[in-house]
Structures are given as structure tokens and as C-alpha cells.
file run-v1.txt (compact mmCIF, C-alpha atoms and all ligand atoms)
# COMPACT_ATOMS: atom_id res chain seq x y z
CA MET A 1 -38.04 -14.46 -5.98
CA THR A 2 -37.68 -18.16 -6.67
CA ASP A 3 -34.37 -19.57 -5.48
CA THR A 4 -32.94 -21.63 -8.38
CA LEU A 5 -31.57 -24.29 -6.03
CA HIS A 6 -34.97 -24.67 -4.37
CA SER A 7 -36.79 -25.00 -7.69
CA ASP A 8 -34.23 -27.59 -8.83
CA LEU A 9 -34.75 -29.52 -5.58
CA LEU A 10 -38.52 -29.31 -6.07
CA LYS A 11 -38.33 -30.70 -9.62
CA LEU A 12 -36.15 -33.59 -8.45
CA ALA A 13 -38.45 -34.34 -5.49
CA GLN A 14 -41.50 -34.27 -7.77
CA GLU A 15 -39.85 -36.64 -10.26
CA ALA A 16 -38.76 -39.04 -7.50
CA ALA A 17 -42.20 -38.97 -5.83
CA ARG A 18 -43.95 -39.54 -9.17
CA ARG A 19 -41.72 -42.51 -10.08
CA ALA A 20 -41.95 -44.08 -6.60
CA GLY A 21 -45.73 -43.54 -6.60
CA GLU A 22 -46.02 -45.32 -9.96
CA LEU A 23 -43.87 -48.19 -8.72
CA LEU A 24 -46.06 -48.58 -5.63
CA ARG A 25 -49.35 -48.20 -7.50
CA ASP A 26 -48.53 -50.35 -10.54
CA GLY A 27 -46.09 -52.80 -8.98
CA ARG A 28 -48.03 -53.88 -5.90
CA PRO A 29 -47.87 -57.70 -5.86
CA ALA A 30 -51.26 -59.40 -5.49
CA ASP A 31 -49.73 -61.57 -2.78
CA LEU A 32 -47.97 -58.70 -0.98
CA ALA A 33 -46.75 -59.91 2.39
CA VAL A 34 -45.08 -58.50 5.48
CA ALA A 35 -41.30 -58.64 5.00
CA ALA A 36 -40.33 -57.66 8.57
CA THR A 37 -41.59 -55.93 11.69
CA LYS A 38 -39.99 -53.03 13.56
CA SER A 39 -41.04 -51.46 16.87
CA SER A 40 -43.85 -54.00 17.47
CA PRO A 41 -45.57 -56.92 15.67
CA ILE A 42 -48.01 -54.48 14.01
CA ASP A 43 -45.25 -52.10 12.80
CA VAL A 44 -44.74 -53.75 9.43
CA VAL A 45 -42.54 -53.19 6.39
CA THR A 46 -43.03 -54.73 2.93
CA GLU A 47 -40.68 -55.31 0.02
CA MET A 48 -42.38 -52.31 -1.66
CA ASP A 49 -41.42 -49.85 1.11
CA ILE A 50 -37.80 -50.90 0.57
CA ALA A 51 -37.99 -50.85 -3.23
CA ALA A 52 -39.56 -47.36 -3.21
CA GLU A 53 -36.86 -45.96 -0.92
CA LYS A 54 -34.14 -47.42 -3.16
CA LEU A 55 -35.73 -45.91 -6.27
CA ILE A 56 -35.89 -42.47 -4.62
CA THR A 57 -32.34 -42.46 -3.20
CA ASP A 58 -30.84 -43.88 -6.43
CA LEU A 59 -32.60 -41.24 -8.54
CA ILE A 60 -31.68 -38.31 -6.30
CA SER A 61 -28.09 -39.36 -5.67
CA GLY A 62 -27.65 -39.92 -9.42
CA HIS A 63 -28.34 -36.18 -9.88
CA ARG A 64 -26.89 -34.89 -6.61
CA PRO A 65 -24.18 -37.27 -5.34
CA ASP A 66 -23.08 -35.03 -2.46
CA ASP A 67 -26.46 -34.71 -0.68
CA GLY A 68 -27.30 -36.49 2.58
CA PHE A 69 -30.29 -38.77 3.21
CA LEU A 70 -32.54 -39.78 6.07
CA GLY A 71 -35.03 -42.43 5.02
CA GLU A 72 -37.40 -44.56 7.06
CA GLU A 73 -36.09 -47.78 5.53
CA GLY A 74 -32.49 -47.10 6.44
CA ALA A 75 -31.06 -44.41 4.17
CA SER A 76 -28.74 -42.43 6.42
CA THR A 77 -25.83 -40.43 5.06
CA GLN A 78 -24.42 -37.05 6.03
CA GLY A 79 -23.52 -35.68 2.61
CA THR A 80 -21.26 -32.69 1.99
CA SER A 81 -23.48 -30.33 -0.04
CA GLY A 82 -25.54 -28.91 2.86
CA VAL A 83 -28.73 -30.50 1.47
CA ARG A 84 -30.32 -33.48 3.20
CA TRP A 85 -33.34 -35.42 1.91
CA VAL A 86 -35.86 -36.70 4.44
CA ILE A 87 -37.87 -39.53 2.90
CA ASP A 88 -40.84 -41.67 3.80
CA PRO A 89 -41.05 -43.88 0.71
CA LEU A 90 -44.48 -45.25 1.69
CA ASP A 91 -46.44 -43.45 4.38
CA GLY A 92 -49.45 -45.58 5.18
CA THR A 93 -47.92 -49.04 4.85
CA VAL A 94 -50.79 -50.76 6.70
CA ASN A 95 -53.36 -49.20 4.32
CA TYR A 96 -51.19 -50.25 1.37
CA LEU A 97 -50.89 -53.80 2.70
CA TYR A 98 -54.68 -54.08 2.89
CA GLY A 99 -55.32 -52.38 -0.48
CA LEU A 100 -56.80 -49.24 1.09
CA PRO A 101 -56.10 -46.15 -1.05
CA THR A 102 -54.78 -43.67 1.53
CA TRP A 103 -51.00 -43.83 1.31
CA ALA A 104 -48.35 -41.45 0.04
CA VAL A 105 -44.73 -40.90 -0.91
CA SER A 106 -43.23 -38.09 1.18
CA ILE A 107 -39.99 -36.34 0.20
CA ALA A 108 -38.52 -33.21 1.83
CA ALA A 109 -35.26 -31.37 1.23
CA GLU A 110 -33.55 -29.62 4.14
CA GLN A 111 -30.86 -26.95 4.13
CA ALA A 112 -29.18 -26.03 7.41
CA GLY A 113 -31.74 -28.15 9.23
CA GLU A 114 -34.73 -26.24 7.77
CA THR A 115 -37.15 -27.84 5.33
CA VAL A 116 -37.05 -25.82 2.11
CA VAL A 117 -38.99 -28.14 -0.23
CA GLY A 118 -41.73 -30.69 0.44
CA VAL A 119 -43.55 -33.06 -1.92
CA VAL A 120 -46.27 -35.54 -0.96
CA ALA A 121 -47.65 -37.74 -3.75
CA ALA A 122 -50.90 -39.62 -3.10
CA PRO A 123 -51.23 -41.72 -6.28
CA MET A 124 -54.58 -43.38 -5.52
CA ARG A 125 -56.11 -39.90 -5.13
CA GLY A 126 -54.37 -38.77 -8.31
CA GLU A 127 -53.00 -35.82 -6.33
CA THR A 128 -49.56 -34.45 -5.48
CA TYR A 129 -48.96 -31.62 -3.01
CA HIS A 130 -45.85 -29.46 -2.91
CA ALA A 131 -44.35 -26.40 -1.29
CA ILE A 132 -41.19 -24.32 -1.42
CA ARG A 133 -40.49 -22.37 1.76
CA GLY A 134 -41.87 -18.84 1.45
CA GLU A 135 -43.71 -19.54 -1.82
CA GLY A 136 -46.98 -21.15 -0.83
CA ALA A 137 -48.31 -24.66 -1.20
CA TRP A 138 -49.91 -26.18 -4.25
CA ALA A 139 -51.76 -29.30 -5.33
CA THR A 140 -51.89 -30.84 -8.76
CA GLY A 141 -54.40 -33.51 -9.49
CA ALA A 142 -57.21 -34.97 -11.45
CA TRP A 143 -60.03 -34.12 -9.05
CA GLU A 144 -59.75 -30.40 -8.35
CA GLY A 145 -57.02 -29.53 -10.89
CA GLU A 146 -53.98 -27.40 -10.06
CA ARG A 147 -54.66 -25.05 -7.21
CA ARG A 148 -53.02 -23.09 -4.44
CA LEU A 149 -53.68 -24.64 -1.06
CA ALA A 150 -55.24 -22.70 1.80
CA CYS A 151 -56.42 -24.10 5.08
CA ARG A 152 -60.06 -23.64 6.10
CA PRO A 153 -61.44 -20.63 7.97
CA ALA A 154 -61.54 -21.75 11.59
CA PRO A 155 -64.80 -23.01 13.03
CA PRO A 156 -65.38 -23.09 16.78
CA LEU A 157 -63.51 -26.09 18.23
CA ASP A 158 -66.72 -28.04 18.75
CA GLN A 159 -67.33 -27.82 14.98
CA ALA A 160 -63.78 -28.83 14.03
CA LEU A 161 -62.99 -32.03 12.10
CA VAL A 162 -59.66 -33.29 13.41
CA SER A 163 -57.58 -36.26 12.33
CA THR A 164 -55.13 -38.26 14.41
CA GLY A 165 -53.07 -41.43 14.30
CA PHE A 166 -51.94 -44.16 16.65
CA ASN A 167 -48.41 -45.31 17.31
CA TYR A 168 -47.44 -48.96 16.77
CA VAL A 169 -46.35 -49.47 20.40
CA SER A 170 -49.13 -50.93 22.56
CA LYS A 171 -48.60 -48.77 25.66
CA VAL A 172 -48.44 -45.57 23.59
CA ARG A 173 -51.54 -46.35 21.49
CA THR A 174 -53.56 -47.25 24.57
CA HIS A 175 -52.80 -43.80 26.00
CA GLN A 176 -53.55 -42.18 22.63
CA ALA A 177 -56.96 -43.87 22.58
CA GLU A 178 -57.63 -42.51 26.08
CA VAL A 179 -56.72 -38.97 24.94
CA ALA A 180 -58.96 -39.32 21.85
CA ARG A 181 -61.85 -40.56 24.06
CA LYS A 182 -61.62 -37.38 26.14
CA LEU A 183 -61.15 -35.10 23.13
CA ILE A 184 -63.96 -36.33 20.91
CA PRO A 185 -66.84 -34.66 22.85
CA LEU A 186 -65.02 -31.33 22.35
CA LEU A 187 -64.84 -31.67 18.53
CA ARG A 188 -67.15 -32.25 15.55
CA ASP A 189 -65.46 -35.61 14.95
CA ILE A 190 -62.17 -37.46 14.71
CA ARG A 191 -60.71 -39.14 11.61
CA ARG A 192 -57.88 -41.71 11.34
CA SER A 193 -56.63 -41.88 7.74
CA GLY A 194 -53.56 -44.07 8.27
CA SER A 195 -51.10 -41.64 6.64
CA ALA A 196 -49.63 -38.73 8.58
CA ALA A 197 -48.38 -37.10 5.37
CA VAL A 198 -51.89 -37.18 3.87
CA ASP A 199 -53.37 -35.80 7.11
CA LEU A 200 -50.99 -32.82 7.02
CA CYS A 201 -51.81 -32.17 3.34
CA ASP A 202 -55.53 -32.42 4.12
CA VAL A 203 -55.11 -29.66 6.71
CA ALA A 204 -53.30 -27.65 4.01
CA ALA A 205 -56.08 -28.32 1.49
CA GLY A 206 -58.88 -27.30 3.88
CA ARG A 207 -60.24 -30.84 4.07
CA LEU A 208 -59.54 -31.06 7.79
CA ASP A 209 -59.56 -28.34 10.43
CA GLY A 210 -56.72 -29.97 12.34
CA TYR A 211 -54.51 -32.98 12.96
CA TYR A 212 -52.43 -34.19 15.87
CA GLU A 213 -50.32 -37.22 16.66
CA ARG A 214 -47.72 -38.38 19.14
CA GLY A 215 -44.70 -40.43 18.09
CA LEU A 216 -44.07 -39.22 14.53
CA HIS A 217 -40.59 -39.37 13.02
CA ALA A 218 -38.98 -36.68 10.88
CA TRP A 219 -39.76 -38.65 7.70
CA ASP A 220 -43.50 -38.78 8.51
CA LEU A 221 -43.87 -35.04 8.82
CA ALA A 222 -41.04 -33.09 7.13
CA ALA A 223 -42.77 -32.53 3.77
CA GLY A 224 -46.33 -32.31 5.10
CA ASP A 225 -45.37 -29.84 7.82
CA LEU A 226 -43.94 -27.40 5.25
CA ILE A 227 -46.97 -27.86 2.96
CA ALA A 228 -49.36 -27.19 5.86
CA ARG A 229 -47.44 -24.08 6.99
CA GLU A 230 -47.22 -22.72 3.47
CA ALA A 231 -51.01 -23.14 3.19
CA GLY A 232 -51.44 -20.90 6.23
CA ALA A 233 -51.83 -23.58 8.90
CA LEU A 234 -50.05 -23.36 12.23
CA THR A 235 -47.91 -26.33 13.21
CA GLY A 236 -46.11 -27.14 16.44
CA GLY A 237 -45.58 -29.60 19.20
CA ARG A 238 -46.11 -28.90 22.87
CA PRO A 239 -46.78 -25.17 23.47
CA GLY A 240 -43.87 -23.08 22.19
CA GLU A 241 -42.19 -26.00 20.41
CA ARG A 242 -41.80 -27.12 16.81
CA PRO A 243 -43.28 -30.57 16.05
CA THR A 244 -41.37 -33.28 17.90
CA ARG A 245 -41.76 -37.00 18.52
CA ASP A 246 -43.68 -36.04 21.67
CA LEU A 247 -46.37 -34.25 19.73
CA THR A 248 -47.24 -32.87 16.31
CA VAL A 249 -50.21 -30.50 15.96
CA ALA A 250 -51.27 -28.84 12.69
CA ALA A 251 -54.43 -26.81 12.32
CA THR A 252 -56.02 -23.79 10.81
CA PRO A 253 -55.31 -20.68 12.95
CA GLY A 254 -58.12 -20.42 15.49
CA VAL A 255 -58.31 -24.20 15.95
CA PHE A 256 -54.57 -24.67 16.57
CA GLU A 257 -54.33 -22.90 19.92
CA PRO A 258 -57.36 -24.49 21.68
CA LEU A 259 -56.50 -27.91 20.23
CA GLN A 260 -52.88 -27.64 21.42
CA ARG A 261 -54.08 -26.44 24.85
CA HIS A 262 -56.47 -29.37 25.27
CA LEU A 263 -53.75 -31.81 24.19
CA GLU A 264 -51.40 -30.30 26.76
CA ASP A 265 -54.09 -30.50 29.48
CA LEU A 266 -54.78 -34.14 28.53
CA GLY A 267 -51.06 -35.01 28.66
CA ALA A 268 -51.18 -36.20 25.04
CA TRP A 269 -47.39 -36.35 24.86
CA HIS A 270 -46.75 -38.84 27.69
CA ASP A 271 -48.24 -42.03 29.15
C1 LIG B 1 -47.40 -44.29 9.84
C2 LIG B 1 -48.56 -43.50 9.28
C3 LIG B 1 -49.69 -43.47 10.28
C4 LIG B 1 -49.26 -42.91 11.60
C5 LIG B 1 -48.06 -43.66 12.14
C6 LIG B 1 -46.93 -43.65 11.11
P1 LIG B 1 -45.86 -45.64 8.08
O1 LIG B 1 -46.32 -44.30 8.93
O2 LIG B 1 -48.18 -42.19 8.99
O3 LIG B 1 -50.77 -42.67 9.84
O4 LIG B 1 -50.32 -43.00 12.51
O5 LIG B 1 -47.64 -43.00 13.32
O6 LIG B 1 -45.83 -44.37 11.61
O7 LIG B 1 -45.26 -46.58 9.06
O8 LIG B 1 -47.06 -46.16 7.39
O9 LIG B 1 -44.84 -45.04 7.17
CA CA B 2 -43.33 -47.70 8.71
CA CA B 3 -44.66 -42.86 7.93
CA CA B 4 -43.20 -45.49 5.75

call {"tool": "encode", "arguments": {"input": "run-v1.txt", "output": "C-alpha cells"}}
result
Amino acid sequence: MTDTLHSDLLKLAQEAARRAGELLRDGRPADLAVAATKSSPIDVVTEMDIAAEKLITDLISGHRPDDGFLGEEGASTQGTSGVRWVIDPLDGTVNYLYGLPTWAVSIAAEQAGETVVGVVAAPMRGETYHAIRGEGAWATGAWEGERRLACRPAPPLDQALVSTGFNYVSKVRTHQAEVARKLIPLLRDIRRSGSAAVDLCDVAAGRLDGYYERGLHAWDLAAGDLIAREAGALTGGRPGERPTRDLTVAATPGVFEPLQRHLEDLGAWHD
């Protein structure tokens, strides 16, 4: 049975993701520039990342003033209601900076440390993905209409299409490239979309067989992880762990276990 709180949180997350997505899509300055850098010179933030996070936190706290926030661009409050919002206002900033279409707004709501609602809006695809814990994952959009998400039936690993991403820190990305070099002969192919949230939703939608990445933060994966799990995918980190900064793996059952095992054997989680 639908929990009323969870459906209220979903509606609010959908509204915030839609409004932030419209701001990012329609308000992108033609002369958009890098406003600052973070962990390295290629880890960039723009005025639009910051504006989108402000829109989302203002909207949500206007409705639910006692909730906590964790946002990539600095939102960080405890709250007193037991609900915390985990927000990546613009996942895929480098794509967005260059005018590439793969970027998303990712909003999750947690209760007692568990994600209960996830919304990922990908405005340039005209699609939004959402899930409530225990109730499946759904997509709404212009291309394939409204549909329940289900990950693909597993192919053998050597027929699997797997996406990954690269961290912004030089030493880490060099090691990630080395892992990908060793993995690619074992797979059909590797993709690099530039948005972890979109990758996780593509696993959910059956558009990828799997995805892995080292170095993700909670805001990159909170919503997409729930959406992937609710679509029947398996998600984890190193064997026996939930996704961590060391490693995130998401894949259709049958691809997950061999992919995770190869990543462990290749030491994907350390230099
Ligand atoms: C990044 C994207 C990218 C992934 C990076 C993330 P950002 O997020 O999700 O695909 O490879 O690890 O940091 O910085 O664009 O929000
Ligand atoms: Ca960023
Ligand atoms: Ca991100
Ligand atoms: Ca971001």
C-alpha cells in the first residue's frame, strides 16, 4: 500500500526536479563559464549548478521546513523531521558546459538513512525517472511514454554493454582507465555518458546491462540507485557492500556478479 508520506515526498521531488530542469534547460547562458573548480582543475562548477540547487532547496524547505539537506553545491543541514534530501542539482556539469545533452537533476529523500524516494529528470531526453521504495520504478517521457522500468535479461558478460565514469582526480582517473583497458575485452563495449544518475537510470530502463564507477558521492547515486533496484537491477560496492565511494556497481542480475568479481580482481577500488 502506498505510504502517504512517501507519495507526498515523491510529488515534491518531481516538482523540484521539473522546475530545476526547466531552469537549466531554458536558462543556460550562451556564454556559460566555469565559476569555480573543486577537487581538481577539471572538476568544475557553473553558476547554473548553484542556481539549480538553490531553487530545489528553497522549494522543498518552503513546503517542509524541518527536513535536512545534503546537496553537492553546499546544502548541508540536519533537520528535525527524520527526512533528509540528497540532491545533485546538475549531474553531468561538463556535458552541460559543452552543450551536450546528457545531464540530469537528481533528488532523493531518505528516512532513517534509507532512500525511500528517488527522482532523476533528464530534460534534454524529455524523460523523468522515479521510484518509491517497494513500489517499482517508472519513467515518464515523450519518447517511450509512461512505462514501468525493468532491467534487461542478462546476456553473457562478453555480450554486456556496460557504462562507467572517470573521477576528476588525475591519479584516480589514470587507474580507472587502466581498469577499463583490462575490462573491455571481457565485455561487448564500454560507454561513458558523463552523468552517473543517467547511467543508473539506463540500467533501470534496460538500455545498459551494467554500470560501475569509483569515487561517486551520495548525491550522484542516491536517486539512481533506488530507481535501478526498483527496476530489478542489483546494486552494490565491493562484494557484500552497498555502493560506497570506493565502488558503485549496478547491473541486471546475471551480469552483476561477474562484473563485480572482475572489478574486485582488477582492484577497481584502489590505485
Ligand atoms: C559527475 C558525473 C560523471 C561522473 C563523475 C561525477 P557532476 O557528476 O556524474 O558522470 O563520472 O564521477 O562526479 O560533477 O557532473 O555532478
Ligand atoms: Ca560536480
Ligand atoms: Ca554528480
Ligand atoms: Ca553536480

call {"tool": "residues_around", "arguments": {"input": "run-v1.txt", "residues": "stretch 104-112 of chain A", "least_positions_apart": "3", "cutoff": "6 Å", "atoms": "all atoms listed in the file", "output": "PyMOL selection string"}}
result
chain A and resi 17+82-91+115-122+222-223

call {"tool": "closest_atom_pairs", "arguments": {"input": "run-v1.txt", "of": "chain A", "to": "ligand LIG 1 (chain B)", "cutoff": "6 Å", "atoms": "all atoms listed in the file", "output": "JSON lines"}}
result
{"residue": "A:Leu90", "atom": "CA", "partner": "B:LIG1", "partner_atom": "O9", "distance": 5.5}
{"residue": "A:Asp91", "atom": "CA", "partner": "B:LIG1", "partner_atom": "O9", "distance": 3.6}
{"residue": "A:Gly92", "atom": "CA", "partner": "B:LIG1", "partner_atom": "O8", "distance": 3.3}
{"residue": "A:Thr93", "atom": "CA", "partner": "B:LIG1", "partner_atom": "O8", "distance": 3.9}
{"residue": "A:Val94", "atom": "CA", "partner": "B:LIG1", "partner_atom": "O8", "distance": 6.0}
{"residue": "A:Gly165", "atom": "CA", "partner": "B:LIG1", "partner_atom": "O4", "distance": 3.6}
{"residue": "A:Phe166", "atom": "CA", "partner": "B:LIG1", "partner_atom": "O4", "distance": 4.6}
{"residue": "A:Asn167", "atom": "CA", "partner": "B:LIG1", "partner_atom": "O5", "distance": 4.7}
{"residue": "A:Gly194", "atom": "CA", "partner": "B:LIG1", "partner_atom": "O3", "distance": 3.5}
{"residue": "A:Ser195", "atom": "CA", "partner": "B:LIG1", "partner_atom": "O3", "distance": 3.4}
{"residue": "A:Ala196", "atom": "CA", "partner": "B:LIG1", "partner_atom": "O2", "distance": 3.8}
{"residue": "A:Leu216", "atom": "CA", "partner": "B:LIG1", "partner_atom": "O5", "distance": 5.3}
{"residue": "A:Asp220", "atom": "CA", "partner": "B:LIG1", "partner_atom": "O2", "distance": 5.8}

call {"tool": "residues_around", "arguments": {"input": "run-v1.txt", "residues": "stretch 61-68 of chain A", "least_positions_apart": "2", "cutoff": "9 Å", "atoms": "all atoms listed in the file", "output": "mmCIF file with C-alpha atoms, in the coordinates of the input"}}
result
data_model
loop_
_atom_site.group_PDB
_atom_site.id
_atom_site.type_symbol
_atom_site.label_atom_id
_atom_site.label_comp_id
_atom_site.auth_asym_id
_atom_site.auth_seq_id
_atom_site.Cartn_x
_atom_site.Cartn_y
_atom_site.Cartn_z
ATOM 1 C CA LEU A 12 -36.150 -33.590 -8.450
ATOM 2 C CA ILE A 56 -35.890 -42.470 -4.620
ATOM 3 C CA THR A 57 -32.340 -42.460 -3.200
ATOM 4 C CA ASP A 58 -30.840 -43.880 -6.430
ATOM 5 C CA LEU A 59 -32.600 -41.240 -8.540
ATOM 6 C CA LEU A 70 -32.540 -39.780 6.070
ATOM 7 C CA ALA A 75 -31.060 -44.410 4.170
ATOM 8 C CA SER A 76 -28.740 -42.430 6.420
ATOM 9 C CA THR A 77 -25.830 -40.430 5.060
ATOM 10 C CA GLN A 78 -24.420 -37.050 6.030
ATOM 11 C CA GLY A 79 -23.520 -35.680 2.610
ATOM 12 C CA THR A 80 -21.260 -32.690 1.990
ATOM 13 C CA SER A 81 -23.480 -30.330 -0.040
ATOM 14 C CA GLY A 82 -25.540 -28.910 2.860
ATOM 15 C CA VAL A 83 -28.730 -30.500 1.470
ATOM 16 C CA ARG A 84 -30.320 -33.480 3.200
ATOM 17 C CA TRP A 85 -33.340 -35.420 1.910
ATOM 18 C CA VAL A 86 -35.860 -36.700 4.440
#

call {"tool": "atom_distance", "arguments": {"input": "run-v1.txt", "atom1": "atom CA of A:Asp202", "atom2": "atom CA of A:Leu5"}}
result
27.3 Å

call {"tool": "closest_residue", "arguments": {"input": "run-v1.txt", "among": "A:Ile42, A:Ala197, A:Leu157, A:Ala228", "to": "ligand CA 4 (chain B)", "atoms": "all atoms listed in the file"}}
result
A:Ala197

call {"tool": "residues_around", "arguments": {"input": "run-v1.txt", "residues": "A:Lys182", "least_positions_apart": "6", "cutoff": "10 Å", "atoms": "all atoms listed in the file", "output": "PDB file with C-alpha atoms, in the coordinates of the input"}}
result
ATOM      1  CA  HIS A 262     -56.470 -29.370  25.270  1.00  0.00           C
ATOM      2  CA  LEU A 263     -53.750 -31.810  24.190  1.00  0.00           C
ATOM      3  CA  LEU A 266     -54.780 -34.140  28.530  1.00  0.00           C
TER       4      LEU A 266
END

call {"tool": "residues_around", "arguments": {"input": "run-v1.txt", "residues": "A:Ala251", "least_positions_apart": "6", "cutoff": "6 Å", "atoms": "all atoms listed in the file", "output": "PDB file with C-alpha atoms, in the coordinates of the input"}}
result
ATOM      1  CA  ASP A 209     -59.560 -28.340  10.430  1.00  0.00           C
ATOM      2  CA  GLY A 210     -56.720 -29.970  12.340  1.00  0.00           C
ATOM      3  CA  ALA A 233     -51.830 -23.580   8.900  1.00  0.00           C
ATOM      4  CA  LEU A 234     -50.050 -23.360  12.230  1.00  0.00           C
TER       5      LEU A 234
END

call {"tool": "residues_near_point", "arguments": {"input": "run-v1.txt", "point": "(-69.1, -33.5, 21.1)", "cutoff": "12 Å", "atoms": "all atoms listed in the file", "output": "PDB file with C-alpha atoms, keeping the file's coordinate frame"}}
result
ATOM      1  CA  PRO A 156     -65.380 -23.090  16.780  1.00  0.00           C
ATOM      2  CA  LEU A 157     -63.510 -26.090  18.230  1.00  0.00           C
ATOM      3  CA  ASP A 158     -66.720 -28.040  18.750  1.00  0.00           C
ATOM      4  CA  GLN A 159     -67.330 -27.820  14.980  1.00  0.00           C
ATOM      5  CA  ALA A 160     -63.780 -28.830  14.030  1.00  0.00           C
ATOM      6  CA  LEU A 161     -62.990 -32.030  12.100  1.00  0.00           C
ATOM      7  CA  ALA A 180     -58.960 -39.320  21.850  1.00  0.00           C
ATOM      8  CA  ARG A 181     -61.850 -40.560  24.060  1.00  0.00           C
ATOM      9  CA  LYS A 182     -61.620 -37.380  26.140  1.00  0.00           C
ATOM     10  CA  LEU A 183     -61.150 -35.100  23.130  1.00  0.00           C
ATOM     11  CA  ILE A 184     -63.960 -36.330  20.910  1.00  0.00           C
ATOM     12  CA  PRO A 185     -66.840 -34.660  22.850  1.00  0.00           C
ATOM     13  CA  LEU A 186     -65.020 -31.330  22.350  1.00  0.00           C
ATOM     14  CA  LEU A 187     -64.840 -31.670  18.530  1.00  0.00           C
ATOM     15  CA  ARG A 188     -67.150 -32.250  15.550  1.00  0.00           C
ATOM     16  CA  ASP A 189     -65.460 -35.610  14.950  1.00  0.00           C
ATOM     17  CA  ILE A 190     -62.170 -37.460  14.710  1.00  0.00           C
TER      18      ILE A 190
END

call {"tool": "atom_distance", "arguments": {"input": "run-v1.txt", "atom1": "atom CA of A:Cys151", "atom2": "atom CA of A:Glu213"}}
result
18.5 Å

call {"tool": "atom_distance", "arguments": {"input": "run-v1.txt", "atom1": "atom CA of A:Ala231", "atom2": "atom CA of A:Gly136"}}
result
6.0 Å

call {"tool": "closest_residue", "arguments": {"input": "run-v1.txt", "among": "A:Ala204, A:Leu10, A:Glu114, A:Gly254", "to": "A:Ala218", "atoms": "all atoms listed in the file"}}
result
A:Glu114

call {"tool": "residues_around", "arguments": {"input": "run-v1.txt", "residues": "A:Pro253", "least_positions_apart": "3", "cutoff": "8 Å", "atoms": "only C-alpha atoms", "output": "MDAnalysis selection string"}}
result
chainID A and resid 153:154 232:234 256:257

call {"tool": "closest_residue", "arguments": {"input": "run-v1.txt", "among": "A:Gly236, A:Tyr96, A:Thr46, A:Gln14", "to": "A:Glu127", "atoms": "only C-alpha atoms"}}
result
A:Gln14

call {"tool": "residues_near_point", "arguments": {"input": "run-v1.txt", "point": "(-39.2, -21.2, -2.7)", "cutoff": "10 Å", "atoms": "only C-alpha atoms", "output": "PyMOL selection string"}}
result
chain A and resi 1-7+9-10+116-117+131-137

call {"tool": "write_last_selection", "arguments": {"input": "run-v1.txt", "atoms": "C-alpha atoms", "output": "compact mmCIF listing (two decimals), in the coordinates of the input"}}
result
# COMPACT_ATOMS: atom_id res chain seq x y z
CA MET A 1 -38.04 -14.46 -5.98
CA THR A 2 -37.68 -18.16 -6.67
CA ASP A 3 -34.37 -19.57 -5.48
CA THR A 4 -32.94 -21.63 -8.38
CA LEU A 5 -31.57 -24.29 -6.03
CA HIS A 6 -34.97 -24.67 -4.37
CA SER A 7 -36.79 -25.00 -7.69
CA LEU A 9 -34.75 -29.52 -5.58
CA LEU A 10 -38.52 -29.31 -6.07
CA VAL A 116 -37.05 -25.82 2.11
CA VAL A 117 -38.99 -28.14 -0.23
CA ALA A 131 -44.35 -26.40 -1.29
CA ILE A 132 -41.19 -24.32 -1.42
CA ARG A 133 -40.49 -22.37 1.76
CA GLY A 134 -41.87 -18.84 1.45
CA GLU A 135 -43.71 -19.54 -1.82
CA GLY A 136 -46.98 -21.15 -0.83
CA ALA A 137 -48.31 -24.66 -1.20

call {"tool": "decode", "arguments": {"input": "run-v1.txt", "residues": "stretch 96-139 of chain A", "atoms": "C-alpha atoms", "output": "PDB file, in the first residue's frame"}}
result
ATOM      1  CA  TYR A  96      26.153  20.833 -19.745  1.00  0.00           C
ATOM      2  CA  LEU A  97      29.085  23.231 -20.063  1.00  0.00           C
ATOM      3  CA  TYR A  98      29.796  21.952 -23.574  1.00  0.00           C
ATOM      4  CA  GLY A  99      26.123  21.835 -24.642  1.00  0.00           C
ATOM      5  CA  LEU A 100      25.989  18.036 -24.713  1.00  0.00           C
ATOM      6  CA  PRO A 101      22.503  16.748 -23.833  1.00  0.00           C
ATOM      7  CA  THR A 102      23.267  14.067 -21.222  1.00  0.00           C
ATOM      8  CA  TRP A 103      22.763  15.716 -17.850  1.00  0.00           C
ATOM      9  CA  ALA A 104      20.174  15.351 -15.116  1.00  0.00           C
ATOM     10  CA  VAL A 105      18.699  16.685 -11.904  1.00  0.00           C
ATOM     11  CA  SER A 106      18.858  14.030  -9.171  1.00  0.00           C
ATOM     12  CA  ILE A 107      16.770  14.266  -5.990  1.00  0.00           C
ATOM     13  CA  ALA A 108      16.382  11.552  -3.331  1.00  0.00           C
ATOM     14  CA  ALA A 109      14.568  11.547   0.001  1.00  0.00           C
ATOM     15  CA  GLU A 110      15.956   9.461   2.866  1.00  0.00           C
ATOM     16  CA  GLN A 111      14.278   8.307   6.060  1.00  0.00           C
ATOM     17  CA  ALA A 112      16.419   6.729   8.781  1.00  0.00           C
ATOM     18  CA  GLY A 113      19.330   6.672   6.355  1.00  0.00           C
ATOM     19  CA  GLU A 114      17.413   4.651   3.716  1.00  0.00           C
ATOM     20  CA  THR A 115      16.426   6.136   0.366  1.00  0.00           C
ATOM     21  CA  VAL A 116      12.642   5.978   0.097  1.00  0.00           C
ATOM     22  CA  VAL A 117      12.061   8.178  -2.966  1.00  0.00           C
ATOM     23  CA  GLY A 118      14.236   8.925  -5.993  1.00  0.00           C
ATOM     24  CA  VAL A 119      13.658  11.216  -8.973  1.00  0.00           C
ATOM     25  CA  VAL A 120      16.039  11.784 -11.886  1.00  0.00           C
ATOM     26  CA  ALA A 121      14.953  14.296 -14.535  1.00  0.00           C
ATOM     27  CA  ALA A 122      16.825  14.308 -17.852  1.00  0.00           C
ATOM     28  CA  PRO A 123      15.244  17.320 -19.612  1.00  0.00           C
ATOM     29  CA  MET A 124      17.109  17.067 -22.934  1.00  0.00           C
ATOM     30  CA  ARG A 125      15.805  13.493 -23.292  1.00  0.00           C
ATOM     31  CA  GLY A 126      12.335  14.656 -22.279  1.00  0.00           C
ATOM     32  CA  GLU A 127      12.340  11.889 -19.666  1.00  0.00           C
ATOM     33  CA  THR A 128      11.991  11.684 -15.886  1.00  0.00           C
ATOM     34  CA  TYR A 129      12.560   8.506 -13.871  1.00  0.00           C
ATOM     35  CA  HIS A 130      11.195   7.877 -10.397  1.00  0.00           C
ATOM     36  CA  ALA A 131      10.830   5.233  -7.735  1.00  0.00           C
ATOM     37  CA  ILE A 132       9.304   4.784  -4.296  1.00  0.00           C
ATOM     38  CA  ARG A 133      10.921   2.040  -2.224  1.00  0.00           C
ATOM     39  CA  GLY A 134       8.985  -1.204  -2.632  1.00  0.00           C
ATOM     40  CA  GLU A 135       6.757   0.137  -5.428  1.00  0.00           C
ATOM     41  CA  GLY A 136       8.780  -0.223  -8.602  1.00  0.00           C
ATOM     42  CA  ALA A 137      10.430   2.294 -10.876  1.00  0.00           C
ATOM     43  CA  TRP A 138       8.791   4.297 -13.617  1.00  0.00           C
ATOM     44  CA  ALA A 139       9.683   6.610 -16.475  1.00  0.00           C
TER      45      ALA A 139
END
